[in-house]
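Peer 1: Take a look at structure.cif, mmCIF, C-alpha atoms and all ligand atoms:
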data_final
loop_
_atom_site.label_atom_id
_atom_site.label_comp_id
_atom_site.auth_asym_id
_atom_site.auth_seq_id
_atom_site.Cartn_x
_atom_site.Cartn_y
_atom_site.Cartn_z
CA MET Z 1 12.47 -9.36 -18.17
CA THR Z 2 14.84 -6.48 -18.80
CA PRO Z 3 17.32 -5.45 -16.07
CA LEU Z 4 17.45 -1.76 -15.28
CA ALA Z 5 20.16 -0.08 -13.19
CA LEU Z 6 19.10 2.96 -11.19
CA ALA Z 7 21.11 5.51 -9.22
CA LEU Z 8 19.18 6.85 -6.25
CA GLU Z 9 20.04 10.36 -5.11
CA LEU Z 10 19.09 10.59 -1.44
CA ASP Z 11 19.59 13.14 1.31
CA GLY Z 12 22.12 10.90 3.02
CA GLY Z 13 24.06 10.14 -0.18
CA SER Z 14 23.49 7.96 -3.20
CA ALA Z 15 22.68 4.30 -3.69
CA SER Z 16 22.37 2.05 -6.68
CA ILE Z 17 19.87 -0.69 -7.37
CA GLU Z 18 19.09 -2.99 -10.26
CA VAL Z 19 15.52 -4.09 -10.92
CA ASP Z 20 13.95 -6.40 -13.49
CA LEU Z 21 11.20 -4.89 -15.59
CA PRO Z 22 8.69 -7.11 -17.36
CA ASP Z 23 8.64 -6.64 -21.11
CA GLY Z 24 5.87 -5.26 -23.30
CA PRO Z 25 2.31 -4.28 -22.34
CA GLN Z 26 1.56 -5.12 -18.71
CA PRO Z 27 -0.99 -4.23 -16.02
CA ALA Z 28 0.49 -1.89 -13.43
CA GLU Z 29 0.63 -4.63 -10.81
CA ALA Z 30 3.27 -6.49 -12.85
CA LEU Z 31 5.64 -3.65 -11.96
CA LEU Z 32 5.06 -3.78 -8.23
CA PRO Z 33 8.08 -6.02 -7.42
CA ALA Z 34 10.42 -3.50 -9.09
CA MET Z 35 8.66 -0.57 -7.41
CA TYR Z 36 8.77 -2.24 -4.00
CA ALA Z 37 12.50 -2.88 -4.45
CA VAL Z 38 13.12 0.82 -5.10
CA ASP Z 39 10.89 1.80 -2.19
CA ASP Z 40 12.64 -0.62 0.17
CA ARG Z 41 16.04 0.79 -0.84
CA VAL Z 42 14.96 4.37 -0.21
CA ILE Z 43 13.38 3.39 3.11
CA ALA Z 44 16.53 1.57 4.27
CA ALA Z 45 18.74 4.54 3.41
CA THR Z 46 16.36 7.01 5.05
CA VAL Z 47 16.03 5.01 8.25
CA ALA Z 48 19.80 4.57 8.46
CA ALA Z 49 20.30 8.34 8.16
CA GLN Z 50 17.71 9.50 10.67
CA PRO Z 51 18.44 9.85 14.39
CA ARG Z 52 15.37 8.24 15.97
CA SER Z 53 15.00 4.48 16.20
CA VAL Z 54 12.06 2.74 14.60
CA THR Z 55 9.92 1.15 17.31
CA CYS Z 56 8.02 -1.24 14.98
CA ARG Z 57 8.80 -4.85 15.84
CA LYS Z 58 7.56 -8.26 14.73
CA GLY Z 59 4.69 -9.09 17.04
CA CYS Z 60 3.59 -5.44 17.36
CA SER Z 61 0.62 -5.34 15.03
CA ALA Z 62 -1.49 -2.43 16.27
CA CYS Z 63 -1.44 -0.73 12.86
CA CYS Z 64 -2.65 -3.97 11.22
CA ARG Z 65 -5.57 -4.24 13.62
CA ALA Z 66 -7.61 -1.13 13.19
CA GLN Z 67 -6.49 1.14 10.35
CA PRO Z 68 -7.96 1.27 6.84
CA VAL Z 69 -4.56 0.54 5.16
CA PRO Z 70 -5.03 2.42 1.88
CA VAL Z 71 -3.84 0.53 -1.20
CA THR Z 72 -3.75 1.48 -4.88
CA PRO Z 73 -6.06 -0.36 -7.31
CA ALA Z 74 -3.02 -2.17 -8.75
CA GLU Z 75 -2.03 -3.35 -5.27
CA ALA Z 76 -5.60 -4.48 -4.59
CA ARG Z 77 -5.52 -6.62 -7.73
CA ALA Z 78 -2.09 -8.01 -6.86
CA LEU Z 79 -3.15 -8.96 -3.33
CA ALA Z 80 -6.36 -10.57 -4.59
CA ALA Z 81 -4.36 -12.55 -7.15
CA TRP Z 82 -1.93 -13.61 -4.41
CA VAL Z 83 -4.84 -14.93 -2.35
CA ASP Z 84 -6.19 -16.83 -5.36
CA ALA Z 85 -2.79 -18.46 -5.90
CA GLN Z 86 -2.62 -19.97 -2.40
CA ALA Z 87 -3.38 -23.61 -1.64
CA PRO Z 88 -7.17 -24.19 -1.46
CA ALA Z 89 -7.47 -24.31 2.33
CA ARG Z 90 -5.45 -21.13 2.84
CA ARG Z 91 -7.12 -19.40 -0.10
CA ASP Z 92 -10.57 -20.15 1.26
CA GLU Z 93 -9.58 -19.00 4.74
CA LEU Z 94 -8.32 -15.67 3.40
CA ARG Z 95 -11.36 -15.21 1.19
CA ALA Z 96 -13.59 -15.82 4.22
CA ARG Z 97 -11.68 -13.20 6.21
CA PHE Z 98 -12.10 -10.64 3.43
CA ALA Z 99 -15.82 -11.45 3.19
CA ASP Z 100 -16.17 -11.03 6.96
CA ARG Z 101 -14.51 -7.58 6.90
CA VAL Z 102 -16.70 -6.41 4.03
CA ALA Z 103 -19.84 -7.68 5.76
CA ARG Z 104 -18.91 -5.77 8.90
CA LEU Z 105 -18.28 -2.60 6.88
CA ASP Z 106 -21.68 -3.06 5.26
CA ALA Z 107 -23.39 -3.63 8.60
CA ALA Z 108 -21.87 -0.38 9.87
CA GLY Z 109 -22.90 1.46 6.68
CA LEU Z 110 -19.29 2.45 6.09
CA ARG Z 111 -18.54 0.86 2.73
CA PRO Z 112 -19.89 3.73 0.54
CA ARG Z 113 -17.83 6.17 2.61
CA LEU Z 114 -14.70 4.23 1.75
CA ASP Z 115 -15.19 2.99 -1.80
CA GLY Z 116 -15.69 6.37 -3.43
CA ARG Z 117 -19.51 6.39 -3.62
CA ALA Z 118 -19.94 8.79 -0.68
CA PRO Z 119 -16.47 10.21 -0.02
CA PRO Z 120 -15.79 12.46 2.99
CA ARG Z 121 -17.01 16.02 2.53
CA SER Z 122 -14.42 17.64 4.77
CA ALA Z 123 -11.38 16.91 6.89
CA ALA Z 124 -13.63 16.59 9.94
CA ASP Z 125 -15.83 14.11 8.06
CA ALA Z 126 -12.78 12.08 7.07
CA ARG Z 127 -11.67 12.01 10.69
CA ALA Z 128 -15.12 10.82 11.79
CA ILE Z 129 -14.98 8.01 9.20
CA ALA Z 130 -11.52 7.01 10.42
CA ALA Z 131 -12.80 6.95 14.01
CA GLU Z 132 -15.73 4.74 13.00
CA TYR Z 133 -13.39 2.43 11.14
CA LEU Z 134 -11.07 2.19 14.14
CA GLN Z 135 -14.00 1.27 16.36
CA LEU Z 136 -14.89 -1.65 14.10
CA GLY Z 137 -11.49 -3.22 14.81
CA LEU Z 138 -11.20 -4.81 11.38
CA VAL Z 139 -8.02 -6.87 11.63
CA CYS Z 140 -6.13 -7.10 8.35
CA PRO Z 141 -7.03 -10.43 6.70
CA PHE Z 142 -3.32 -11.14 6.23
CA LEU Z 143 -2.42 -10.89 9.91
CA ASP Z 144 -1.54 -14.26 11.47
CA ASP Z 145 -0.17 -14.58 15.01
CA ASP Z 146 0.68 -10.86 15.02
CA ALA Z 147 2.80 -11.21 11.88
CA CYS Z 148 2.17 -10.23 8.27
CA SER Z 149 1.60 -13.36 6.20
CA VAL Z 150 2.07 -11.44 2.96
CA HIS Z 151 5.19 -9.59 4.07
CA GLU Z 152 7.12 -9.77 0.78
CA HIS Z 153 4.09 -8.46 -1.11
CA ARG Z 154 2.75 -6.02 1.47
CA PRO Z 155 1.58 -2.70 0.00
CA PHE Z 156 3.48 0.58 -0.06
CA VAL Z 157 1.68 1.98 2.98
CA CYS Z 158 2.75 -0.94 5.16
CA ARG Z 159 6.37 -0.59 4.04
CA GLN Z 160 6.39 3.14 4.64
CA TYR Z 161 4.62 3.30 8.01
CA LEU Z 162 7.62 3.28 10.33
CA VAL Z 163 6.87 4.51 13.82
CA THR Z 164 9.39 6.21 16.08
CA SER Z 165 7.07 7.04 18.99
CA PRO Z 166 6.34 4.52 21.79
CA ALA Z 167 4.43 1.52 20.46
CA GLU Z 168 1.63 2.04 23.00
CA ALA Z 169 0.46 5.15 21.12
CA CYS Z 170 -0.34 3.06 18.04
CA THR Z 171 -3.34 1.45 19.73
CA ASP Z 172 -5.26 4.74 19.57
CA PRO Z 173 -3.63 6.91 16.89
CA LEU Z 174 -6.52 9.40 16.76
CA ALA Z 175 -6.13 10.21 20.45
CA ARG Z 176 -2.36 9.93 20.79
CA PRO Z 177 -0.11 11.36 18.08
CA VAL Z 178 2.11 8.79 16.40
CA ALA Z 179 5.51 9.94 15.12
CA VAL Z 180 6.69 8.28 11.92
CA VAL Z 181 9.83 8.43 9.79
CA GLN Z 182 9.45 11.15 7.16
CA LEU Z 183 10.25 9.53 3.84
CA PRO Z 184 11.27 11.52 0.75
CA ILE Z 185 9.02 9.66 -1.70
CA ARG Z 186 5.31 8.89 -1.97
CA PRO Z 187 5.29 5.72 -4.07
CA ALA Z 188 1.56 4.95 -3.85
CA HIS Z 189 0.68 8.48 -4.91
CA ALA Z 190 3.24 8.18 -7.72
CA LEU Z 191 1.62 4.95 -8.90
CA LEU Z 192 -1.77 6.62 -9.01
CA GLU Z 193 -0.18 9.39 -11.07
CA ALA Z 194 1.60 6.91 -13.35
CA THR Z 195 -1.66 5.12 -14.13
CA ARG Z 196 -3.84 8.22 -14.37
CA ASN Z 197 -5.82 8.20 -17.64
CA CYS Z 198 -4.87 4.60 -18.33
CA ASP Z 199 -6.12 2.71 -15.28
CA GLU Z 200 -9.73 1.68 -14.98
CA ALA Z 201 -10.35 3.33 -11.65
CA PRO Z 202 -10.31 6.94 -10.54
CA PRO Z 203 -6.89 7.81 -9.11
CA ARG Z 204 -7.56 7.04 -5.48
CA THR Z 205 -6.69 4.39 -2.95
CA LEU Z 206 -9.11 2.01 -1.26
CA PRO Z 207 -8.96 0.20 2.08
CA LEU Z 208 -7.09 -3.11 1.90
CA VAL Z 209 -10.16 -4.98 3.18
CA LEU Z 210 -11.95 -3.98 -0.06
CA ALA Z 211 -9.17 -5.39 -2.28
CA ARG Z 212 -11.10 -8.58 -2.99
CA VAL Z 213 -14.28 -6.69 -3.87
CA HIS Z 214 -12.35 -4.32 -6.10
CA ALA Z 215 -10.59 -7.13 -7.95
CA ASP Z 216 -13.88 -8.99 -8.46
CA THR Z 217 -15.96 -6.04 -9.63
CA ALA Z 218 -13.66 -3.59 -11.41
CA PRO Z 219 -12.99 -4.09 -15.12
CA ALA Z 220 -9.77 -5.85 -16.05
CA ALA Z 221 -6.75 -3.61 -15.69
CA PRO Z 222 -5.63 -2.04 -18.95
CA ARG Z 223 -2.13 -2.87 -20.10
CA GLN Z 224 0.43 -0.38 -21.19
CA ASP Z 225 4.10 -0.59 -21.97
CA ALA Z 226 5.83 -1.61 -18.74
CA ALA Z 227 8.90 0.55 -19.27
CA ARG Z 228 6.68 3.57 -19.92
CA THR Z 229 4.64 2.97 -16.76
CA PHE Z 230 7.81 2.57 -14.70
CA THR Z 231 9.33 5.74 -16.17
CA ARG Z 232 6.14 7.64 -15.37
CA TRP Z 233 6.26 6.28 -11.83
CA LEU Z 234 9.87 7.41 -11.39
CA SER Z 235 8.98 10.85 -12.73
CA ALA Z 236 6.07 11.11 -10.31
CA LEU Z 237 8.34 10.04 -7.45
CA ALA Z 238 10.68 12.88 -8.33
CA GLY Z 239 7.80 15.32 -8.74
CA GLY Z 240 7.94 16.63 -5.20
CA ARG Z 241 11.50 17.82 -5.66
CA ALA Z 242 11.54 19.40 -9.09
CA GLY Z 243 15.08 19.99 -10.26
CA ASP Z 244 16.43 17.60 -7.64
CA PRO Z 245 15.04 14.18 -8.58
CA PRO Z 246 15.67 11.50 -5.93
CA ILE Z 247 15.97 8.90 -8.67
CA ARG Z 248 17.45 9.16 -12.13
S1 LIG O 301 -0.63 -6.33 4.74
FE1 LIG O 301 0.65 -7.10 6.42
S2 LIG O 301 1.69 -5.25 7.25
FE2 LIG O 301 -0.05 -4.54 6.00
S3 LIG O 301 -1.77 -4.28 7.44
FE3 LIG O 301 -1.92 -6.36 6.58
S4 LIG O 301 -0.83 -7.70 8.05
FE4 LIG O 301 -0.22 -5.57 8.46
#
Please go through the file and, once you have read it, give me the structure as structure tokens.

Peer 2:
Amino acid sequence: MTPLALALELDGGSASIEVDLPDGPQPAEALLPAMYAVDDRVIAATVAAQPRSVTCRKGCSACCRAQPVPVTPAEARALAAWVDAQAPARRDELRARFADRVARLDAAGLRPRLDGRAPPRSAADARAIAAEYLQLGLVCPFLDDDACSVHEHRPFVCRQYLVTSPAEACTDPLARPVAVVQLPIRPAHALLEATRNCDEAPPRTLPLVLARVHADTAPAAPRQDAARTFTRWLSALAGGRAGDPPIR
């Protein structure tokens, strides 16, 4: 591991953080702990600087109960590996939950619409797919007693989805608008950019419930120099604010 000190330039001021980067050629998922640390720091600073309170609370799990939860291919592999590393009883329980969610997607004919084989043709089509998905009520396999059992390793989208509107609206987000904290970085998008042309998959996310399938069926992740991948990720994070990078 190589320590790396970063200075974060944020709207509310600056912040520093030190992360450990793995050495040499690595799959992108090996960098997720460092990326999540940067993301968490930016989120904390952004939330502290914004006027509206976050209404998300432990025990409020509406967003874990019905939404597709898009994850990057690297996150899908990391979550699948995390499941495989659990004690046998827990591992088998989680694998069974993933299998159940995939079977229900298949029964509804939705899997090709979500795994890239038959992507939405328009915004209206995407909205119809989201509505169908919501109706299935596919609870995240990691949700236990209304709490995230993989909290430390939860994907970017779960870290970044911070609601400021009343929690009741989250139960039907297509019918009732949900207000969220506007964050200055898009780390999942940046990871897709950082692994473009070197990752095995097209640069798109997939629903968390398909993580197991993706990890089992996609070719092994290519490895590239970890420092280079991380630098590319930082550059992509800064891409939305050319000339004013949030991180340097
Ligand atoms: S990974 Fe955790 S936070 Fe994300 S949807 Fe699943 S249970 Fe919820």

Peer 1: Residues within 10 Å of ligand LIG 301 (chain O), counting all atoms listed in the file: report them as a ChimeraX atom specification.

Peer 2: /Z:58,60-71,79,139-161,208-209

Peer 1: With C-alpha atoms retained, write the just-selected residues as a PDB file, in the coordinates of the input.

Peer 2:
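Listed below is the output, result21.pdb:
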ATOM      1  CA  LYS Z  58       7.560  -8.260  14.730  1.00  0.00           C
ATOM      2  CA  CYS Z  60       3.590  -5.440  17.360  1.00  0.00           C
ATOM      3  CA  SER Z  61       0.620  -5.340  15.030  1.00  0.00           C
ATOM      4  CA  ALA Z  62      -1.490  -2.430  16.270  1.00  0.00           C
ATOM      5  CA  CYS Z  63      -1.440  -0.730  12.860  1.00  0.00           C
ATOM      6  CA  CYS Z  64      -2.650  -3.970  11.220  1.00  0.00           C
ATOM      7  CA  ARG Z  65      -5.570  -4.240  13.620  1.00  0.00           C
ATOM      8  CA  ALA Z  66      -7.610  -1.130  13.190  1.00  0.00           C
ATOM      9  CA  GLN Z  67      -6.490   1.140  10.350  1.00  0.00           C
ATOM     10  CA  PRO Z  68      -7.960   1.270   6.840  1.00  0.00           C
ATOM     11  CA  VAL Z  69      -4.560   0.540   5.160  1.00  0.00           C
ATOM     12  CA  PRO Z  70      -5.030   2.420   1.880  1.00  0.00           C
ATOM     13  CA  VAL Z  71      -3.840   0.530  -1.200  1.00  0.00           C
ATOM     14  CA  LEU Z  79      -3.150  -8.960  -3.330  1.00  0.00           C
ATOM     15  CA  VAL Z 139      -8.020  -6.870  11.630  1.00  0.00           C
ATOM     16  CA  CYS Z 140      -6.130  -7.100   8.350  1.00  0.00           C
ATOM     17  CA  PRO Z 141      -7.030 -10.430   6.700  1.00  0.00           C
ATOM     18  CA  PHE Z 142      -3.320 -11.140   6.230  1.00  0.00           C
ATOM     19  CA  LEU Z 143      -2.420 -10.890   9.910  1.00  0.00           C
ATOM     20  CA  ASP Z 144      -1.540 -14.260  11.470  1.00  0.00           C
ATOM     21  CA  ASP Z 145      -0.170 -14.580  15.010  1.00  0.00           C
ATOM     22  CA  ASP Z 146       0.680 -10.860  15.020  1.00  0.00           C
ATOM     23  CA  ALA Z 147       2.800 -11.210  11.880  1.00  0.00           C
ATOM     24  CA  CYS Z 148       2.170 -10.230   8.270  1.00  0.00           C
ATOM     25  CA  SER Z 149       1.600 -13.360   6.200  1.00  0.00           C
ATOM     26  CA  VAL Z 150       2.070 -11.440   2.960  1.00  0.00           C
ATOM     27  CA  HIS Z 151       5.190  -9.590   4.070  1.00  0.00           C
ATOM     28  CA  GLU Z 152       7.120  -9.770   0.780  1.00  0.00           C
ATOM     29  CA  HIS Z 153       4.090  -8.460  -1.110  1.00  0.00           C
ATOM     30  CA  ARG Z 154       2.750  -6.020   1.470  1.00  0.00           C
ATOM     31  CA  PRO Z 155       1.580  -2.700   0.000  1.00  0.00           C
ATOM     32  CA  PHE Z 156       3.480   0.580  -0.060  1.00  0.00           C
ATOM     33  CA  VAL Z 157       1.680   1.980   2.980  1.00  0.00           C
ATOM     34  CA  CYS Z 158       2.750  -0.940   5.160  1.00  0.00           C
ATOM     35  CA  ARG Z 159       6.370  -0.590   4.040  1.00  0.00           C
ATOM     36  CA  GLN Z 160       6.390   3.140   4.640  1.00  0.00           C
ATOM     37  CA  TYR Z 161       4.620   3.300   8.010  1.00  0.00           C
ATOM     38  CA  LEU Z 208      -7.090  -3.110   1.900  1.00  0.00           C
ATOM     39  CA  VAL Z 209     -10.160  -4.980   3.180  1.00  0.00           C
TER      40      VAL Z 209
END

Peer 1: Can you measure atom CA of Z:Glu18 to atom CA of Z:Ala49 for me? One decimal in Å is fine.

Peer 2: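 So the two atoms, atom CA of Z:Glu18 and atom CA of Z:Ala49, lie 21.7 Å apart.
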
Peer 1: List the spatial neighbours of Z:Gly24 as a list of chain:residue names - criterion: any atom at most 9 Å away, all atoms listed in the file, same-chain residues fewer than 2 positions off excluded.

Peer 2: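 Here the qualifying residues turn out to be Z:Pro22, Z:Gln26, Z:Arg223, Z:Gln224, Z:Asp225, Z:Ala226, Z:Ala227.
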
Peer 1: Using all atoms listed in the file, which of the listed residues (Z:Leu94, Z:Ala179, Z:Val213, Z:Ala80) sits closest to Z:Pro166?

Peer 2: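 Residue with the minimum atom-to-atom distance to Z:Pro166: Z:Ala179.
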
Peer 1: Skipping near chain neighbours, those fewer than 2 positions away, what residues fall within 12 Å of Z:Arg113 using all atoms listed in the file, listed as number ranges by chain?

Peer 2: Z: 68, 105-106, 108-111, 115-121, 125-130, 132-133, 206-207

Peer 1: Report, in Å to a single decimal, how far apart atom CA of Z:Ala99 and atom CA of Z:His214 are.

Peer 2: 12.2 Å

Peer 1: Skip Z:Arg186 itself and residues of its chain fewer than 3 positions away, then list as JSON, numbers by chain all residues within 9 Å of it, counting all atoms listed in the file.

Peer 2: {"Z": [156, 160, 183, 189, 190, 191, 236, 237, 240]}

Peer 1: Pick out the closest residue to Z:Tyr36 from this set: Z:Asp172, Z:Asp23, Z:Asp100, Z:Glu75. Count all atoms listed in the file.

Peer 2: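 Between Z:Asp172, Z:Asp23, Z:Asp100, Z:Glu75, the residue approaching Z:Tyr36 most closely is Z:Glu75.
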
Peer 1: In Å, rounded to a single decimal, give me how far atom CA of Z:Thr229 is from atom CA of Z:Ala45.

Peer 2: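 Computed distance, atom CA of Z:Ala45 to atom CA of Z:Thr229, equals 24.7 Å.
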
Peer 1: As AutoDock Vina command-line options, what would the box around stretch 124-133 of chain Z look like: edges along x, y and z, 8 Å added on every side, centre and edge lengths in Å to one decimal?

Peer 2:
--center_x -13.7 --center_y 9.5 --center_z 10.5 --size_x 20.3 --size_y 30.2 --size_z 22.9

Peer 1: Missing atoms in stretch 169-179 of chain Z need filling: write out all heavy atoms for it as a compact mmCIF listing (two decimals), keeping the file's coordinate frame.

Peer 2:
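Contents of part_16.txt, as written:
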# COMPACT_ATOMS: atom_id res chain seq x y z
N ALA Z 169 1.29 4.12 21.74
CA ALA Z 169 0.46 5.15 21.12
C ALA Z 169 -0.27 4.62 19.89
O ALA Z 169 -1.31 5.16 19.50
CB ALA Z 169 1.33 6.36 20.74
N CYS Z 170 0.25 3.57 19.28
CA CYS Z 170 -0.34 3.06 18.04
C CYS Z 170 -1.71 2.43 18.25
O CYS Z 170 -2.46 2.23 17.29
CB CYS Z 170 0.58 2.04 17.39
SG CYS Z 170 2.17 2.73 16.88
N THR Z 171 -2.04 2.10 19.49
CA THR Z 171 -3.34 1.45 19.73
C THR Z 171 -4.49 2.44 19.61
O THR Z 171 -5.62 2.04 19.42
CB THR Z 171 -3.39 0.81 21.13
OG1 THR Z 171 -3.09 1.82 22.10
CG2 THR Z 171 -2.36 -0.32 21.23
N ASP Z 172 -4.21 3.72 19.69
CA ASP Z 172 -5.26 4.74 19.57
C ASP Z 172 -4.69 5.97 18.88
O ASP Z 172 -4.53 7.03 19.49
CB ASP Z 172 -5.80 5.11 20.96
CG ASP Z 172 -7.08 5.92 20.87
OD1 ASP Z 172 -7.55 6.17 19.74
OD2 ASP Z 172 -7.61 6.31 21.93
N PRO Z 173 -4.36 5.84 17.58
CA PRO Z 173 -3.63 6.91 16.89
C PRO Z 173 -4.41 8.21 16.75
O PRO Z 173 -3.81 9.26 16.54
CB PRO Z 173 -3.33 6.29 15.52
CG PRO Z 173 -4.36 5.22 15.35
CD PRO Z 173 -4.63 4.69 16.71
N LEU Z 174 -5.75 8.15 16.87
CA LEU Z 174 -6.52 9.40 16.76
C LEU Z 174 -6.44 10.20 18.05
O LEU Z 174 -6.59 11.42 18.05
CB LEU Z 174 -7.98 9.10 16.41
CG LEU Z 174 -8.21 8.55 15.00
CD1 LEU Z 174 -9.70 8.29 14.78
CD2 LEU Z 174 -7.69 9.51 13.94
N ALA Z 175 -6.19 9.52 19.15
CA ALA Z 175 -6.13 10.21 20.45
C ALA Z 175 -4.70 10.56 20.83
O ALA Z 175 -4.46 11.56 21.50
CB ALA Z 175 -6.76 9.33 21.53
N ARG Z 176 -3.76 9.70 20.42
CA ARG Z 176 -2.36 9.93 20.79
C ARG Z 176 -1.54 10.04 19.52
O ARG Z 176 -1.49 9.09 18.72
CB ARG Z 176 -1.85 8.77 21.65
CG ARG Z 176 -2.61 8.60 22.95
CD ARG Z 176 -2.14 7.38 23.71
NE ARG Z 176 -0.77 7.51 24.17
CZ ARG Z 176 -0.12 6.55 24.80
NH1 ARG Z 176 -0.71 5.39 25.02
NH2 ARG Z 176 1.12 6.73 25.19
N PRO Z 177 -0.88 11.18 19.31
CA PRO Z 177 -0.11 11.36 18.08
C PRO Z 177 0.96 10.28 17.93
O PRO Z 177 1.63 9.92 18.90
CB PRO Z 177 0.53 12.74 18.25
CG PRO Z 177 -0.22 13.41 19.34
CD PRO Z 177 -0.79 12.33 20.21
N VAL Z 178 1.09 9.79 16.72
CA VAL Z 178 2.11 8.79 16.40
C VAL Z 178 3.16 9.45 15.52
O VAL Z 178 2.83 10.04 14.49
CB VAL Z 178 1.48 7.59 15.68
CG1 VAL Z 178 2.55 6.62 15.18
CG2 VAL Z 178 0.50 6.86 16.60
N ALA Z 179 4.42 9.37 15.92
CA ALA Z 179 5.51 9.94 15.12
C ALA Z 179 6.03 8.86 14.17
O ALA Z 179 6.24 7.71 14.57
CB ALA Z 179 6.63 10.43 16.02
